[in-house]
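Colleague: Pasting target.cif below, which is mmCIF, C-alpha atoms.
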```
data_my_file
loop_
_atom_site.group_PDB
_atom_site.id
_atom_site.type_symbol
_atom_site.label_atom_id
_atom_site.label_comp_id
_atom_site.auth_asym_id
_atom_site.auth_seq_id
_atom_site.Cartn_x
_atom_site.Cartn_y
_atom_site.Cartn_z
ATOM 1 C CA MET A 1 126.644 110.137 100.859
ATOM 2 C CA LYS A 2 127.393 113.864 100.845
ATOM 3 C CA TYR A 3 125.256 115.063 103.733
ATOM 4 C CA GLY A 4 123.938 118.439 104.822
ATOM 5 C CA GLY A 5 124.206 120.307 108.091
ATOM 6 C CA MET A 6 120.586 120.023 109.179
ATOM 7 C CA ALA A 7 118.131 117.289 110.119
ATOM 8 C CA SER A 8 114.359 117.581 110.118
ATOM 9 C CA GLY A 9 112.463 116.001 113.002
ATOM 10 C CA SER A 10 115.434 113.978 114.252
ATOM 11 C CA MET A 11 118.993 114.323 115.494
ATOM 12 C CA LEU A 12 121.758 114.994 112.977
ATOM 13 C CA LEU A 13 124.801 113.460 114.709
ATOM 14 C CA PRO A 14 123.590 109.822 114.759
ATOM 15 C CA LYS A 15 123.043 110.068 111.009
ATOM 16 C CA ILE A 16 126.503 111.490 110.353
ATOM 17 C CA ILE A 17 128.076 108.827 112.588
ATOM 18 C CA GLY A 18 126.070 105.985 111.024
ATOM 19 C CA ALA A 19 124.272 104.951 114.208
ATOM 20 C CA TYR A 20 120.824 106.225 113.306
ATOM 21 C CA GLU A 21 118.022 103.719 113.961
ATOM 22 C CA GLU A 22 120.474 100.944 114.757
ATOM 23 C CA PRO A 23 117.729 98.339 115.420
ATOM 24 C CA ILE A 24 116.869 98.221 111.696
ATOM 25 C CA HIS A 25 120.398 98.296 110.257
ATOM 26 C CA ASP A 26 120.188 94.648 109.171
ATOM 27 C CA TRP A 27 116.906 95.244 107.355
ATOM 28 C CA VAL A 28 118.274 98.297 105.566
ATOM 29 C CA SER A 29 121.375 96.322 104.568
ATOM 30 C CA GLN A 30 119.122 93.631 103.080
ATOM 31 C CA ILE A 31 117.234 96.267 101.105
ATOM 32 C CA LEU A 32 120.424 97.858 99.776
ATOM 33 C CA ALA A 33 121.814 94.461 98.765
ATOM 34 C CA SER A 34 118.677 93.461 96.873
ATOM 35 C CA ASN A 35 118.172 94.128 93.187
ATOM 36 C CA LYS A 36 114.466 93.344 93.195
ATOM 37 C CA TYR A 37 113.043 96.821 93.820
ATOM 38 C CA LYS A 38 111.881 98.859 90.861
ATOM 39 C CA ARG A 39 110.353 101.486 93.126
ATOM 40 C CA ILE A 40 110.873 102.656 96.719
ATOM 41 C CA ILE A 41 108.360 105.072 98.211
ATOM 42 C CA ASP A 42 109.686 106.893 101.280
ATOM 43 C CA VAL A 43 106.726 108.464 103.081
ATOM 44 C CA GLY A 44 107.888 110.896 105.737
ATOM 45 C CA CYS A 45 111.327 111.292 104.168
ATOM 46 C CA ALA A 46 112.359 114.309 106.301
ATOM 47 C CA GLU A 47 115.632 115.751 104.947
ATOM 48 C CA GLY A 48 116.229 112.606 102.896
ATOM 49 C CA PHE A 49 118.488 110.341 104.949
ATOM 50 C CA TYR A 50 116.929 107.130 103.647
ATOM 51 C CA ALA A 51 115.562 108.390 100.331
ATOM 52 C CA ILE A 52 118.919 109.758 99.189
ATOM 53 C CA GLY A 53 120.700 106.664 100.487
ATOM 54 C CA PHE A 54 118.355 104.391 98.565
ATOM 55 C CA ALA A 55 118.726 106.469 95.401
ATOM 56 C CA ARG A 56 122.532 106.347 95.604
ATOM 57 C CA SER A 57 122.734 102.659 96.457
ATOM 58 C CA ILE A 58 120.029 101.350 94.080
ATOM 59 C CA PRO A 59 120.389 103.498 90.942
ATOM 60 C CA THR A 60 118.088 101.197 88.943
ATOM 61 C CA ALA A 61 115.137 101.923 91.259
ATOM 62 C CA GLN A 62 112.777 104.856 91.093
ATOM 63 C CA ILE A 63 112.736 106.600 94.464
ATOM 64 C CA ILE A 64 109.706 108.672 95.465
ATOM 65 C CA ALA A 65 110.322 110.862 98.511
ATOM 66 C CA CYS A 66 107.347 112.376 100.291
ATOM 67 C CA ASP A 67 106.970 114.757 103.217
ATOM 68 C CA ILE A 68 104.192 117.165 104.125
ATOM 69 C CA ASN A 69 106.762 119.472 105.745
ATOM 70 C CA GLU A 70 107.856 121.846 102.977
ATOM 71 C CA ASN A 71 111.128 122.746 104.721
ATOM 72 C CA ALA A 72 112.027 119.073 105.098
ATOM 73 C CA LEU A 73 111.238 118.421 101.442
ATOM 74 C CA ALA A 74 113.387 121.401 100.407
ATOM 75 C CA LEU A 75 116.313 119.978 102.394
ATOM 76 C CA ALA A 76 115.812 116.585 100.736
ATOM 77 C CA LYS A 77 115.855 118.196 97.298
ATOM 78 C CA GLU A 78 119.068 120.025 98.172
ATOM 79 C CA LEU A 79 120.613 116.763 99.331
ATOM 80 C CA SER A 80 119.604 115.103 96.075
ATOM 81 C CA VAL A 81 121.328 117.821 94.061
ATOM 82 C CA ARG A 82 124.418 117.598 96.270
ATOM 83 C CA ASN A 83 124.641 113.884 95.501
ATOM 84 C CA GLY A 84 123.935 114.289 91.781
ATOM 85 C CA LEU A 85 120.901 112.015 91.720
ATOM 86 C CA LYS A 86 118.573 111.515 88.771
ATOM 87 C CA ASN A 87 116.392 108.623 89.971
ATOM 88 C CA ILE A 88 114.434 110.420 92.695
ATOM 89 C CA ASP A 89 111.198 112.403 92.627
ATOM 90 C CA PHE A 90 109.684 114.516 95.382
ATOM 91 C CA ILE A 91 106.026 114.917 96.299
ATOM 92 C CA LYS A 92 104.247 116.485 99.239
ATOM 93 C CA GLU A 93 101.515 113.959 99.976
ATOM 94 C CA VAL A 94 100.635 110.315 99.472
ATOM 95 C CA ASP A 95 97.076 109.014 99.685
ATOM 96 C CA HIS A 96 95.358 105.672 99.198
ATOM 97 C CA LYS A 97 94.790 106.266 95.499
ATOM 98 C CA PHE A 98 98.488 107.028 94.993
ATOM 99 C CA LEU A 99 99.458 103.817 96.769
ATOM 100 C CA ASP A 100 97.146 101.743 94.610
ATOM 101 C CA GLN A 101 98.663 103.312 91.497
ATOM 102 C CA HIS A 102 102.305 102.862 92.539
ATOM 103 C CA CYS A 103 102.528 99.775 94.749
ATOM 104 C CA ASP A 104 103.153 96.319 93.307
ATOM 105 C CA GLU A 105 105.338 93.247 93.862
ATOM 106 C CA SER A 106 108.538 95.198 93.094
ATOM 107 C CA THR A 107 107.776 98.098 95.463
ATOM 108 C CA LEU A 108 109.120 98.851 98.924
ATOM 109 C CA LEU A 109 107.023 101.239 100.993
ATOM 110 C CA PHE A 110 109.217 102.857 103.656
ATOM 111 C CA CYS A 111 107.093 104.759 106.150
ATOM 112 C CA ASP A 112 107.722 107.083 109.109
ATOM 113 C CA ILE A 113 104.759 109.393 109.621
ATOM 114 C CA GLU A 114 104.411 109.921 113.361
ATOM 115 C CA GLY A 115 101.360 107.761 113.988
ATOM 116 C CA HIS A 116 99.494 108.402 110.753
ATOM 117 C CA GLU A 117 100.635 104.983 109.538
ATOM 118 C CA LEU A 118 97.440 103.635 111.091
ATOM 119 C CA THR A 119 95.392 105.677 108.610
ATOM 120 C CA LEU A 120 97.589 105.270 105.539
ATOM 121 C CA LEU A 121 98.413 101.562 105.772
ATOM 122 C CA ASP A 122 94.915 100.247 105.287
ATOM 123 C CA PRO A 123 94.590 97.447 102.699
ATOM 124 C CA LEU A 124 90.820 97.915 102.677
ATOM 125 C CA LYS A 125 91.441 101.347 101.144
ATOM 126 C CA SER A 126 94.571 100.493 99.137
ATOM 127 C CA LYS A 127 94.384 96.858 98.088
ATOM 128 C CA ASN A 128 97.783 96.961 96.406
ATOM 129 C CA LEU A 129 99.404 97.300 99.817
ATOM 130 C CA LEU A 130 98.910 93.552 99.987
ATOM 131 C CA LYS A 131 101.420 93.155 97.133
ATOM 132 C CA CYS A 132 104.339 95.289 98.331
ATOM 133 C CA GLU A 133 106.951 95.143 101.056
ATOM 134 C CA ILE A 134 106.436 97.596 103.912
ATOM 135 C CA LEU A 135 108.960 98.828 106.453
ATOM 136 C CA VAL A 136 107.192 101.113 108.899
ATOM 137 C CA GLU A 137 108.191 102.868 112.090
ATOM 138 C CA VAL A 138 105.371 102.321 114.562
ATOM 139 C CA HIS A 139 104.396 105.090 116.958
ATOM 140 C CA ASP A 140 102.547 103.401 119.786
ATOM 141 C CA CYS A 141 104.261 106.019 121.962
ATOM 142 C CA PHE A 142 101.838 108.556 120.471
ATOM 143 C CA PHE A 143 98.804 106.386 119.758
ATOM 144 C CA PRO A 144 98.770 103.091 121.697
ATOM 145 C CA GLY A 145 97.613 100.056 119.735
ATOM 146 C CA ILE A 146 98.996 100.891 116.280
ATOM 147 C CA GLN A 147 101.368 97.932 116.143
ATOM 148 C CA LYS A 148 98.633 95.469 117.120
ATOM 149 C CA ALA A 149 96.272 96.938 114.546
ATOM 150 C CA LEU A 150 98.840 96.796 111.721
ATOM 151 C CA VAL A 151 99.798 93.225 112.537
ATOM 152 C CA GLU A 152 96.142 92.218 112.461
ATOM 153 C CA ARG A 153 95.675 93.926 109.087
ATOM 154 C CA PHE A 154 98.664 92.284 107.380
ATOM 155 C CA GLN A 155 99.283 88.981 109.158
ATOM 156 C CA ALA A 156 97.273 87.003 106.602
ATOM 157 C CA SER A 157 99.172 88.447 103.625
ATOM 158 C CA HIS A 158 102.663 89.226 104.966
ATOM 159 C CA ALA A 159 105.460 87.644 106.970
ATOM 160 C CA ILE A 160 106.010 90.187 109.733
ATOM 161 C CA GLN A 161 109.211 90.917 111.633
ATOM 162 C CA ILE A 162 109.282 93.279 114.615
ATOM 163 C CA ALA A 163 112.262 95.309 115.837
ATOM 164 C CA LEU A 164 112.143 97.088 119.184
ATOM 165 C CA ASP A 165 114.080 100.237 119.965
ATOM 166 C CA TYR A 166 116.517 100.145 122.880
ATOM 167 C CA SER A 167 118.347 102.739 124.910
ATOM 168 C CA GLY A 168 121.878 103.560 123.844
ATOM 169 C CA ARG A 169 123.590 101.885 120.910
ATOM 170 C CA VAL A 170 125.416 98.561 121.096
ATOM 171 C CA LEU A 171 127.441 98.521 117.874
ATOM 172 C CA SER A 172 130.874 100.072 117.588
ATOM 173 C CA TYR A 173 131.294 103.488 115.970
ATOM 174 C CA PRO A 174 134.481 105.519 115.303
ATOM 175 C CA LEU A 175 134.201 107.824 118.305
ATOM 176 C CA HIS A 176 137.488 107.092 120.051
ATOM 177 C CA MET A 177 138.325 110.784 120.320
ATOM 178 C CA LEU A 178 135.240 111.461 122.462
ATOM 179 C CA SER A 179 134.706 110.995 126.173
ATOM 180 C CA GLU A 180 132.009 108.573 127.300
ATOM 181 C CA LYS A 181 129.718 111.511 128.065
ATOM 182 C CA GLU A 182 130.321 112.968 124.615
ATOM 183 C CA LYS A 183 129.663 109.587 122.988
ATOM 184 C CA ARG A 184 126.329 109.264 124.761
ATOM 185 C CA TYR A 185 125.387 112.750 123.614
ATOM 186 C CA ALA A 186 126.445 112.095 119.995
ATOM 187 C CA LEU A 187 124.530 108.813 119.787
ATOM 188 C CA ASP A 188 121.397 109.970 121.607
ATOM 189 C CA GLU A 189 118.479 110.124 119.174
ATOM 190 C CA ARG A 190 116.138 111.675 121.771
ATOM 191 C CA ARG A 191 113.534 109.069 120.927
ATOM 192 C CA PRO A 192 110.361 108.401 122.953
ATOM 193 C CA LYS A 193 110.171 105.097 124.770
ATOM 194 C CA GLY A 194 108.230 102.278 123.170
ATOM 195 C CA MET A 195 109.283 102.781 119.553
ATOM 196 C CA SER A 196 109.273 99.814 117.184
ATOM 197 C CA TRP A 197 109.406 98.919 113.510
ATOM 198 C CA LEU A 198 107.598 96.359 111.382
ATOM 199 C CA TYR A 199 109.117 94.807 108.271
ATOM 200 C CA MET A 200 106.345 93.108 106.333
ATOM 201 C CA LYS A 201 107.003 90.952 103.284
ATOM 202 C CA PRO A 202 104.149 89.490 101.205
ATOM 203 C CA PHE A 203 103.912 85.711 101.287
ATOM 204 C CA SER A 204 103.206 85.872 97.545
ATOM 205 C CA ASN A 205 106.702 87.290 96.905
ATOM 206 C CA SER A 206 108.578 84.583 98.794
#
```
Turn this file's structure into structure tokens for me.
Modeller:
Amino acid sequence: MKYGGMASGSMLLPKIIGAYEEPIHDWVSQILASNKYKRIIDVGCAEGFYAIGFARSIPTAQIIACDINENALALAKELSVRNGLKNIDFIKEVDHKFLDQHCDESTLLFCDIEGHELTLLDPLKSKNLLKCEILVEVHDCFFPGIQKALVERFQASHAIQIALDYSGRVLSYPLHMLSEKEKRYALDERRPKGMSWLYMKPFSNS
């Protein structure tokens, strides 16, 4: 990926290095290796790290990148142009009606919206959420109880995996030229404690 020089709402260096959100690397690799997605909706796309990566790696899928931050969305659009992408669209907001119109068995909903996942991911308001895969960053650090609530909402319809964040990074990255102090700085995502992710796959799709 041809990347830019700015990140929105996160640290740039871990993304450039390839260490960003290490706890979900295996899940992302599974997504990139799959050919089953016709649509990926990235809600809270920031400057486009995942949305652009998905669009480059899965050219047969329609990517919809969403962020309420206009500056972040502008950066994502610039990154799309830089990478010459044609299979990505950008929107500012996603609501329950939009999800019902765009989610189905071939959809991945990728979500990082700083705690608002509790409001958006409600199958009582968007029944088609029960059909799609969902990978969501959970922000109990901001609003305690979100993870429990989401698991309760989807445990009857989805197989749910949980990944917990951890301090530092354990995989190897090409940083041999840096001192240990510099490595820690480069890999530090400045994340709050207690972060986690849920990867939820509908039983009906298995």
Colleague: Tell me which residues the PyMOL selection byres ((chain A and resi 178-194) around 8) grabs here, as a list in words.
Modeller: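 Taken over the shown coordinates, the PyMOL selection byres ((chain A and resi 178-194) around 8) returns Ser10, Met11, Leu13, Pro14, Ala19, Tyr20, His139, Asp140, Cys141, Leu164, Asp165, Gly168, Arg169, Leu175, His176, Met177, Met195 and Ser196 of chain A.
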Colleague: Nearest to Ser167 of chain A among A:Gly9, A:Arg153, A:Pro144, A:Glu22, with distances taken over all atoms listed in the file: which residue is it?
Modeller: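 With all atoms listed in the file as the atom set, the closest residue is A:Glu22.
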Colleague: Just the number, please: distance in Å from atom CA of Lys201 of chain A to atom CA of Glu21 of chain A, one decimal.
Modeller: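 Answer for the atom CA of Lys201 of chain A to atom CA of Glu21 of chain A separation: 20.0 Å.
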Colleague: When you count only C-alpha atoms, which of these residues is closest to Tyr3 of chain A: A:Ile63, A:Val81, A:Ile24, A:Cys45?
Modeller: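 Smallest distance to Tyr3 of chain A is found for A:Val81.
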Colleague: What does the PyMOL selection byres ((chain A and resi 158-162) around 6) select in this file, as a PyMOL selection string?
Modeller: chain A and resi 154-155+157+163+197-203
Colleague: Which value, in Å to one decimal, gives the distance between atom CA of Gly84 of chain A and atom CA of His25 of chain A?
Modeller: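 Separating atom CA of Gly84 of chain A from atom CA of His25 of chain A is a distance of 24.7 Å.
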Colleague: Given 3 Å on each side, where is the centre and what are the edge lengths in Å to one decimal of the axis-aligned box enclosing the listed atoms of segment 76-93 of chain A, as lines of an AutoDock Vina configuration file?
Modeller:
```
center_x = 113.1
center_y = 114.3
center_z = 94.8
size_x = 29.1
size_y = 17.4
size_z = 18.0
```
Colleague: Which residues match the PyMOL selection byres ((chain A and resi 48) around 12) in the file above, as a ChimeraX atom specification?
Modeller: /A:1-4,6-10,12,15,41-47,49-56,63-67,71-83,88-90,112
Colleague: Compare A:Ile58, A:Ile40, A:Val170, A:Leu130 by their minimum atom-to-atom distance to Ser106 of chain A, counting all atoms listed in the file, and give me the closest one.
Modeller: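 For Ser106 of chain A, the nearest of the given residues is A:Ile40.
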Colleague: For Lys36 of chain A, which residue among A:Leu108, A:Ile17, A:Val94, A:Cys103 is the nearest when counting only C-alpha atoms?
Modeller: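 When distances to Lys36 of chain A are compared using only C-alpha atoms, the smallest one comes from A:Leu108.
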Colleague: Which one of A:Lys127, A:Ala61, A:Asp122, A:Pro174 sits closest to Ile31 of chain A if you count only C-alpha atoms?
Modeller: A:Ala61
Colleague: For Lys97 of chain A, which residue out of A:Thr60, A:Pro123, A:Leu85, A:Glu114 is the nearest one, using only C-alpha atoms?
Modeller: A:Pro123
